[in-house]
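**Student:** Quick one: structure below, then a few questions.
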Amino acid sequence: MRKMADPYVLAWISVFVTTLLALCGVVLKRRKVNGISSSRTMSVTSVSAVDGECRSADGCDTDVIIVGAGVAGSALAHTLGKDGRRVHVIERDLLEPDRIVGELLQPGGYLKLIELGLEDCVEEIDAQQVFGYALFKDEKRTRLSYPLENFHSDVSGRSFHNGRFIQRMREKAASLPNVRLEQGVVTSLLEEKGTIRGVQYKTKDGRELTAFAPLTIVCDGCFSNLRRSLCNPQVDVPSCFVGLVLENCHLPYANHGHVILADPSPILFYPISSTEIRCLVDVPGQKVPSIANGEMANYLKTVVAPQVPPEIYDSFVAAVDKGNIRTMPNRSMPASPYPTPGALLMGDAFNMRHPLTGGGMTVALSDIVVLRDLLKPLRDLNDAPTLCKYLESFYTLRKPVASTINTLAGALYKVFCASPDQARKEMRQACFDYLSLGGVFSTGPISLLSGLNPRPLSLVLHFFAVAIYGVGRLLLPFPSPKRIWIGARLISGASGIIFPIIKAEGVRQMFFPATVPAYYRRAPPAN
């Protein structure tokens, strides 16, 4: 019996030793791979998506967390979801927003909407087509049309209720099976050794949860409480908007935005539905008259109403009497990011400009197109340091559109505001008269404002052409020492308006992006 048992014992020992050696081999192999991964920076896998889907390789069920489901967050969720990413969107409030800004989408922004496949989001919300602007100063008026001759007849600006537009985009994003929208308040970003791993948030029913993903994109708007760790926020509040809705009235120029160069600052009118006109009265500074004690109504009736076009005077006064008056601070903030592995800022949380020109949504949608194109060739987002380095190109590639619209918004607001200074008065009048000349003098600036021609150099040339035009008006037919002095101060004042804005945007990135090393970043090669 013992001799018969020996072969079985030897067999079991052989099997045990063989299995042990195999296990040791697997462990050593894994340690070797992990050692290589930790000792050098691995490349983010760069391959075409398999069956149209991109997947994270770490077993995590989410590829991208998006904080906020406003215009930027909703559009980004749909875009990344359509590319096969598994997206988790956490939004503070999924009810329809009620805002007085974010209601005018420029033609350049509408083209980006088409590029993202979201153009149907302006349907079924009573959105109105916008074909240009009407400019009013004193008793004069001029019409500035968008240069849309070379585009399809459907291409134009769009104006609408901001909340209706956002809800349409949320619905479209949520219709994708790999996009999850959840109501919750993100309280903090989860950081580990300098890399953002996810977020901590409080659900609608008060539970504290955490969510993890290789990439977290913060789009929580102008009041963002998360951006401080991801950028250097230098927020300026030059003025506030006072918002009203005029009902059942007709603007002097149908399907146009109206800008009144009033004293002390501009007044805007534009349609937001077939029966409603939005009025935004700019009030300089951070303090506005009190609504509660009637100071605001008195201000609107005595200071603002006499300056609005007579065609809409009665409707304006009726809107004031109705009492649904709201205010909103106008914020501007240049993009000044801290490149952070595992995280990215987008939308108003990242970059803001004065809303006078209605360029915010155009910039946000343009940024999404840039980011989509950068992420498209990447299948795996897990190597945060390499991904962060690669995405530094985003900050340069976005500049032509963003810097043009940002600079124009800041410069135009300062020019359009009334001032007791004679040189500023001349610059304001020169701007109105220059745009009234028609031809390239109006189509050039309006194509910049509309986002159809995002060229910073063209912006600077037109801006100083206005200044030189103003000096020419002063010096002709006969110059005098006083007029020469005002002309010199006009040029100096124009420089003082635009150069600080350009400096904040970044001269090199704005005018010479090809000299920035990040401009040439390419998707890392596949392992």
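Chain identifiers are assigned as A, B, and so on, following the order in which chains appear in the structure tokens; residues are numbered from 1 within each chain, and ligands are numbered from 1 in order of appearance.
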Please provide as a list of chain:residue names all residues within 8 Å of segment 215-225 of chain A, with the sequence filter that same-chain residues fewer than 3 positions apart are discarded (counting only C-alpha atoms).

**Tutor:** A:Asp63, A:Val64, A:Ile65, A:Ile66, A:Val67, A:Gly68, A:Ala69, A:Gly70, A:Ala72, A:Gly73, A:Ile196, A:Arg197, A:Gly198, A:Val199, A:Arg228, A:Arg331, A:Gly342, A:Ala343, A:Leu344, A:Leu345, A:Met346, A:Gly347, A:Asp348, A:Ala349, A:Phe350, A:Met352, A:Leu381, A:Asn382, A:Ala384

**Student:** Produce a file of the selected residues containing N, CA and C atoms, as a PDB file, in the first residue's frame.

**Tutor:**
```pdb
ATOM      1  N   ASP A  63     -15.881  57.449 -16.897  1.00  0.00           N
ATOM      2  CA  ASP A  63     -14.688  58.008 -17.536  1.00  0.00           C
ATOM      3  C   ASP A  63     -14.499  59.482 -17.176  1.00  0.00           C
ATOM      4  N   VAL A  64     -15.616  60.212 -17.132  1.00  0.00           N
ATOM      5  CA  VAL A  64     -15.554  61.658 -16.888  1.00  0.00           C
ATOM      6  C   VAL A  64     -16.667  62.064 -15.933  1.00  0.00           C
ATOM      7  N   ILE A  65     -16.301  62.833 -14.901  1.00  0.00           N
ATOM      8  CA  ILE A  65     -17.291  63.483 -14.033  1.00  0.00           C
ATOM      9  C   ILE A  65     -17.392  64.933 -14.479  1.00  0.00           C
ATOM     10  N   ILE A  66     -18.614  65.405 -14.671  1.00  0.00           N
ATOM     11  CA  ILE A  66     -18.837  66.809 -15.018  1.00  0.00           C
ATOM     12  C   ILE A  66     -19.626  67.452 -13.880  1.00  0.00           C
ATOM     13  N   VAL A  67     -19.062  68.507 -13.323  1.00  0.00           N
ATOM     14  CA  VAL A  67     -19.719  69.232 -12.232  1.00  0.00           C
ATOM     15  C   VAL A  67     -20.477  70.406 -12.838  1.00  0.00           C
ATOM     16  N   GLY A  68     -21.790  70.338 -12.814  1.00  0.00           N
ATOM     17  CA  GLY A  68     -22.617  71.408 -13.373  1.00  0.00           C
ATOM     18  C   GLY A  68     -23.241  71.001 -14.696  1.00  0.00           C
ATOM     19  N   ALA A  69     -24.532  71.295 -14.854  1.00  0.00           N
ATOM     20  CA  ALA A  69     -25.240  70.971 -16.092  1.00  0.00           C
ATOM     21  C   ALA A  69     -25.929  72.208 -16.641  1.00  0.00           C
ATOM     22  N   GLY A  70     -25.134  73.298 -16.734  1.00  0.00           N
ATOM     23  CA  GLY A  70     -25.614  74.486 -17.419  1.00  0.00           C
ATOM     24  C   GLY A  70     -25.371  74.325 -18.909  1.00  0.00           C
ATOM     25  N   ALA A  72     -22.550  74.882 -20.664  1.00  0.00           N
ATOM     26  CA  ALA A  72     -21.284  74.188 -20.917  1.00  0.00           C
ATOM     27  C   ALA A  72     -21.348  72.731 -20.476  1.00  0.00           C
ATOM     28  N   GLY A  73     -21.827  72.477 -19.262  1.00  0.00           N
ATOM     29  CA  GLY A  73     -21.855  71.121 -18.729  1.00  0.00           C
ATOM     30  C   GLY A  73     -22.750  70.184 -19.517  1.00  0.00           C
ATOM     31  N   ILE A 196      -6.330  64.982  -9.053  1.00  0.00           N
ATOM     32  CA  ILE A 196      -7.751  64.937  -8.714  1.00  0.00           C
ATOM     33  C   ILE A 196      -8.294  63.577  -9.131  1.00  0.00           C
ATOM     34  N   ARG A 197      -8.855  62.867  -8.160  1.00  0.00           N
ATOM     35  CA  ARG A 197      -9.377  61.519  -8.410  1.00  0.00           C
ATOM     36  C   ARG A 197     -10.892  61.475  -8.557  1.00  0.00           C
ATOM     37  N   GLY A 198     -11.569  62.522  -8.141  1.00  0.00           N
ATOM     38  CA  GLY A 198     -13.021  62.535  -8.212  1.00  0.00           C
ATOM     39  C   GLY A 198     -13.582  63.652  -7.365  1.00  0.00           C
ATOM     40  N   VAL A 199     -14.813  63.489  -6.890  1.00  0.00           N
ATOM     41  CA  VAL A 199     -15.484  64.549  -6.129  1.00  0.00           C
ATOM     42  C   VAL A 199     -16.227  63.962  -4.939  1.00  0.00           C
ATOM     43  N   ARG A 228     -11.008  77.715  -7.218  1.00  0.00           N
ATOM     44  CA  ARG A 228      -9.835  78.293  -6.559  1.00  0.00           C
ATOM     45  C   ARG A 228      -8.636  77.355  -6.552  1.00  0.00           C
ATOM     46  N   ARG A 331     -19.787  89.863 -14.442  1.00  0.00           N
ATOM     47  CA  ARG A 331     -18.441  89.474 -14.022  1.00  0.00           C
ATOM     48  C   ARG A 331     -17.553  89.254 -15.228  1.00  0.00           C
ATOM     49  N   GLY A 342      -5.861  65.274 -13.728  1.00  0.00           N
ATOM     50  CA  GLY A 342      -7.157  64.729 -13.352  1.00  0.00           C
ATOM     51  C   GLY A 342      -8.298  65.709 -13.353  1.00  0.00           C
ATOM     52  N   ALA A 343      -8.052  67.004 -13.647  1.00  0.00           N
ATOM     53  CA  ALA A 343      -9.136  67.990 -13.587  1.00  0.00           C
ATOM     54  C   ALA A 343      -8.962  69.063 -14.657  1.00  0.00           C
ATOM     55  N   LEU A 344     -10.090  69.675 -15.017  1.00  0.00           N
ATOM     56  CA  LEU A 344     -10.109  70.728 -16.030  1.00  0.00           C
ATOM     57  C   LEU A 344     -11.274  71.667 -15.716  1.00  0.00           C
ATOM     58  N   LEU A 345     -11.097  72.947 -16.011  1.00  0.00           N
ATOM     59  CA  LEU A 345     -12.169  73.934 -15.854  1.00  0.00           C
ATOM     60  C   LEU A 345     -12.757  74.279 -17.213  1.00  0.00           C
ATOM     61  N   MET A 346     -14.087  74.528 -17.235  1.00  0.00           N
ATOM     62  CA  MET A 346     -14.759  74.934 -18.472  1.00  0.00           C
ATOM     63  C   MET A 346     -15.856  75.948 -18.151  1.00  0.00           C
ATOM     64  N   GLY A 347     -16.324  76.638 -19.179  1.00  0.00           N
ATOM     65  CA  GLY A 347     -17.448  77.553 -19.034  1.00  0.00           C
ATOM     66  C   GLY A 347     -17.116  78.774 -18.197  1.00  0.00           C
ATOM     67  N   ASP A 348     -18.142  79.335 -17.543  1.00  0.00           N
ATOM     68  CA  ASP A 348     -17.954  80.546 -16.740  1.00  0.00           C
ATOM     69  C   ASP A 348     -17.114  80.302 -15.496  1.00  0.00           C
ATOM     70  N   ALA A 349     -16.978  79.062 -15.074  1.00  0.00           N
ATOM     71  CA  ALA A 349     -16.092  78.761 -13.954  1.00  0.00           C
ATOM     72  C   ALA A 349     -14.641  79.003 -14.338  1.00  0.00           C
ATOM     73  N   PHE A 350     -14.374  78.985 -15.635  1.00  0.00           N
ATOM     74  CA  PHE A 350     -13.018  79.078 -16.166  1.00  0.00           C
ATOM     75  C   PHE A 350     -12.692  80.456 -16.722  1.00  0.00           C
ATOM     76  N   MET A 352     -14.678  84.366 -17.968  1.00  0.00           N
ATOM     77  CA  MET A 352     -15.867  85.202 -18.140  1.00  0.00           C
ATOM     78  C   MET A 352     -15.488  86.517 -18.790  1.00  0.00           C
ATOM     79  N   LEU A 381      -8.007  57.360 -20.270  1.00  0.00           N
ATOM     80  CA  LEU A 381      -7.711  58.656 -19.653  1.00  0.00           C
ATOM     81  C   LEU A 381      -7.009  58.512 -18.301  1.00  0.00           C
ATOM     82  N   ASN A 382      -6.559  57.298 -17.966  1.00  0.00           N
ATOM     83  CA  ASN A 382      -6.106  57.034 -16.604  1.00  0.00           C
ATOM     84  C   ASN A 382      -4.762  57.621 -16.229  1.00  0.00           C
ATOM     85  N   ALA A 384      -3.077  60.366 -15.553  1.00  0.00           N
ATOM     86  CA  ALA A 384      -3.413  61.774 -15.332  1.00  0.00           C
ATOM     87  C   ALA A 384      -2.275  62.737 -15.665  1.00  0.00           C
TER      88      ALA A 384
END
```

**Student:** So that I can check the secondary structure, give me every residue of segment 112-350 of chain A assigned helix (DSSP H, G or I) by backbone DSSP, as a ChimeraX atom specification.

**Tutor:** /A:112-115,119-122,162-174,227-229,295-307,310-322,347-349

**Student:** Excluding His152 of chain A and any residue of its chain fewer than 3 positions from it, enumerate the residues within 12 Å of it, using only C-alpha atoms, and give them as a PyMOL selection string.

**Tutor:** chain A and resi 107+110-111+114+147-149+155-156

**Student:** Do you know which residues are at most 9 Å from Val283 of chain A counting only C-alpha atoms, after dropping those on the same chain fewer than 4 positions away, and could you put them as a PDB file with N, CA and C atoms, in the first residue's frame?

**Tutor:**
```
ATOM      1  N   PRO A 238     -17.560  94.954 -13.066  1.00  0.00           N
ATOM      2  CA  PRO A 238     -17.619  96.358 -13.487  1.00  0.00           C
ATOM      3  C   PRO A 238     -19.008  96.970 -13.404  1.00  0.00           C
ATOM      4  N   SER A 239     -20.051  96.115 -13.439  1.00  0.00           N
ATOM      5  CA  SER A 239     -21.410  96.659 -13.449  1.00  0.00           C
ATOM      6  C   SER A 239     -22.412  95.569 -13.104  1.00  0.00           C
ATOM      7  N   CYS A 240     -23.678  95.947 -13.070  1.00  0.00           N
ATOM      8  CA  CYS A 240     -24.771  94.991 -12.869  1.00  0.00           C
ATOM      9  C   CYS A 240     -25.819  95.200 -13.953  1.00  0.00           C
ATOM     10  N   PHE A 241     -26.495  94.125 -14.319  1.00  0.00           N
ATOM     11  CA  PHE A 241     -27.633  94.220 -15.226  1.00  0.00           C
ATOM     12  C   PHE A 241     -28.919  94.236 -14.417  1.00  0.00           C
ATOM     13  N   VAL A 242     -29.831  95.119 -14.809  1.00  0.00           N
ATOM     14  CA  VAL A 242     -31.187  95.132 -14.275  1.00  0.00           C
ATOM     15  C   VAL A 242     -32.089  94.603 -15.379  1.00  0.00           C
ATOM     16  N   PRO A 264     -25.838 106.418 -17.904  1.00  0.00           N
ATOM     17  CA  PRO A 264     -24.381 106.357 -17.915  1.00  0.00           C
ATOM     18  C   PRO A 264     -23.773 105.179 -18.687  1.00  0.00           C
ATOM     19  N   SER A 265     -24.598 104.176 -19.067  1.00  0.00           N
ATOM     20  CA  SER A 265     -24.059 102.991 -19.726  1.00  0.00           C
ATOM     21  C   SER A 265     -25.138 102.354 -20.599  1.00  0.00           C
ATOM     22  N   PRO A 266     -24.774 101.345 -21.413  1.00  0.00           N
ATOM     23  CA  PRO A 266     -25.693 100.848 -22.437  1.00  0.00           C
ATOM     24  C   PRO A 266     -26.963 100.185 -21.881  1.00  0.00           C
ATOM     25  N   LYS A 287     -23.124  98.370  -6.820  1.00  0.00           N
ATOM     26  CA  LYS A 287     -24.301  98.711  -6.022  1.00  0.00           C
ATOM     27  C   LYS A 287     -25.393  99.252  -6.930  1.00  0.00           C
ATOM     28  N   VAL A 288     -26.590  98.703  -6.797  1.00  0.00           N
ATOM     29  CA  VAL A 288     -27.720  99.156  -7.614  1.00  0.00           C
ATOM     30  C   VAL A 288     -28.791  99.737  -6.707  1.00  0.00           C
TER      31      VAL A 288
END
```

**Student:** Considering only C-alpha atoms, give me a table of residues in segment 346-418 of chain A that are at most 12 Å from segment 430-446 of chain A, with the closest atom pair and distance in Å for each, as a Markdown table.

**Tutor:**
```
| residue | atom | partner | partner_atom | distance |
| --- | --- | --- | --- | --- |
| A:Thr357 | CA | A:Ile446 | CA | 10.1 |
| A:Thr404 | CA | A:Pro445 | CA | 10.8 |
| A:Ile405 | CA | A:Pro445 | CA | 10.9 |
| A:Leu408 | CA | A:Pro445 | CA | 9.1 |
| A:Ala409 | CA | A:Pro445 | CA | 11.6 |
| A:Ala411 | CA | A:Cys431 | CA | 11.4 |
| A:Leu412 | CA | A:Cys431 | CA | 9.2 |
| A:Tyr413 | CA | A:Cys431 | CA | 11.7 |
| A:Lys414 | CA | A:Cys431 | CA | 11.5 |
| A:Val415 | CA | A:Cys431 | CA | 7.8 |
| A:Phe416 | CA | A:Cys431 | CA | 8.4 |
| A:Cys417 | CA | A:Cys431 | CA | 11.7 |
```

**Student:** Of the candidates A:Gln286, A:Gln106, A:Gln167, A:Thr79, which one gets nearest to Glu123 of chain A if we count only C-alpha atoms?

**Tutor:**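 Ranking A:Gln286, A:Gln106, A:Gln167, A:Thr79 by distance to Glu123 of chain A, first place goes to A:Gln167.
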
**Student:** Please compute the atom CA of Asp383 of chain A-atom CA of Pro233 of chain A distance, one decimal, in Å.

**Tutor:**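 Spanning atom CA of Asp383 of chain A to atom CA of Pro233 of chain A is a straight-line distance of 27.1 Å.
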
**Student:** Mind pulling up the distance from atom CA of Arg521 of chain A to atom CA of Gly359 of chain A?

**Tutor:**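 According to the coordinates, atom CA of Gly359 of chain A and atom CA of Arg521 of chain A are separated by 27.7 Å.
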
**Student:** Report as a ChimeraX atom specification: the residues of segment 194-423 of chain A with a DSSP assignment of strand (DSSP E), based on the backbone of this structure.

**Tutor:** /A:195-203,208-212,215-218,236-247,257-260,267-271,276-284,326-332,343-345

**Student:** Let me make sure I understand: among A:Glu171, A:Gln129, A:Asp83, A:Ser153, which one has the smallest atom-to-atom distance to Glu96 of chain A if we use only C-alpha atoms?

**Tutor:**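 Going through A:Glu171, A:Gln129, A:Asp83, A:Ser153 one by one, the smallest distance to Glu96 of chain A is for A:Glu171.
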
**Student:** Within 6 Å of Glu103 of chain A, counting only C-alpha atoms, which residues show up once you throw out same-chain ones fewer than 2 positions away? Write them as a list of chain:residue names, please.

**Tutor:**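 Counting only the stated atoms, we get A:Val101, A:Ser159, A:Phe160, A:His161, A:Asn162.
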
**Student:** Looking at only C-alpha atoms, which of A:Val363, A:Leu135, A:Leu113, A:Met328 is the one that sits closest to Leu268 of chain A?

**Tutor:** A:Leu135
